[in-house]
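Here's the structure we're looking at; comments come further down.
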Amino acid sequence: MAEKSILDMIPKNAVWQCAACKKHIPHTLTCKAYPKQIPEEIMAEVVQKFRKRFPDVKIQVKTPDEVLLVPMDPILIEQVLSNLLENAVIHGETTSQIVMSVEKDGIYARFSIRDNGRGISLKVLPHLFDGTIKHTETPTGDGKRNMGLGLSVCMAIIRAHSGTMQAQNLSTGAEFSFRLPLSEEE
């Protein structure tokens, strides 16, 4: 895979938001640049901060018995997980429980955030990660520009790690997941 500047992967209308992230995101970021991290440690930090901000939302963490070592930037992946948790509460509107998990999925580590909220509008679902969602298309229509752009930056971070990201509705709520390669060669 050819190295690509992370700024090239972010939609043009989201570049203004990425300017705030520049100090944390090198311009030619690829997963080869990352030391191996233990996902549980990053998840624990995210959960601690989340519980302070949303004490009424129950959060359960599921991790594998085996220790996973994943090449990743812990600050950036913490930001992705924090954004997904916050979105589950804010955009799920009725969310009262979240399950955050990581598991080995072949040659990848698969991270997942599942909530019991209202789910994702079928109209919005195909555009979640492209930064084109207008505030009138979000469930609250409150004028905040915090749904599409945040997710497009999350997607850019995951792609910079040579990973993939997706979202889907569940029978109750929604699930956001991303996969990161377990080795630098992927």
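Note on naming: chains are A, B, ... as they come in the structure tokens, residues start from 1 per chain, ligands start from 1 in the order shown.
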request  = May I have the residues within 12 Å of A:Met155 as a ChimeraX atom specification, using only C-alpha atoms and disregarding those fewer than 2 positions away in the same chain?
outcome  = /A:6-7,9-11,14,76-77,79-81,83-84,127-131,148-153,157-167,176-180
message = Give me the residues near stretch 73-75 of chain A as a list in words, where near means some atom within 9 Å (using only C-alpha atoms) and where sequence neighbours in that chain fewer than 2 positions away do not count.
response = His24, Cys31, Ala33, Tyr34, Pro35, Lys36, Gln37, Pro39, Ile42, Pro71, Ile77, Glu78, Gln79, Val80 and His161 of chain A
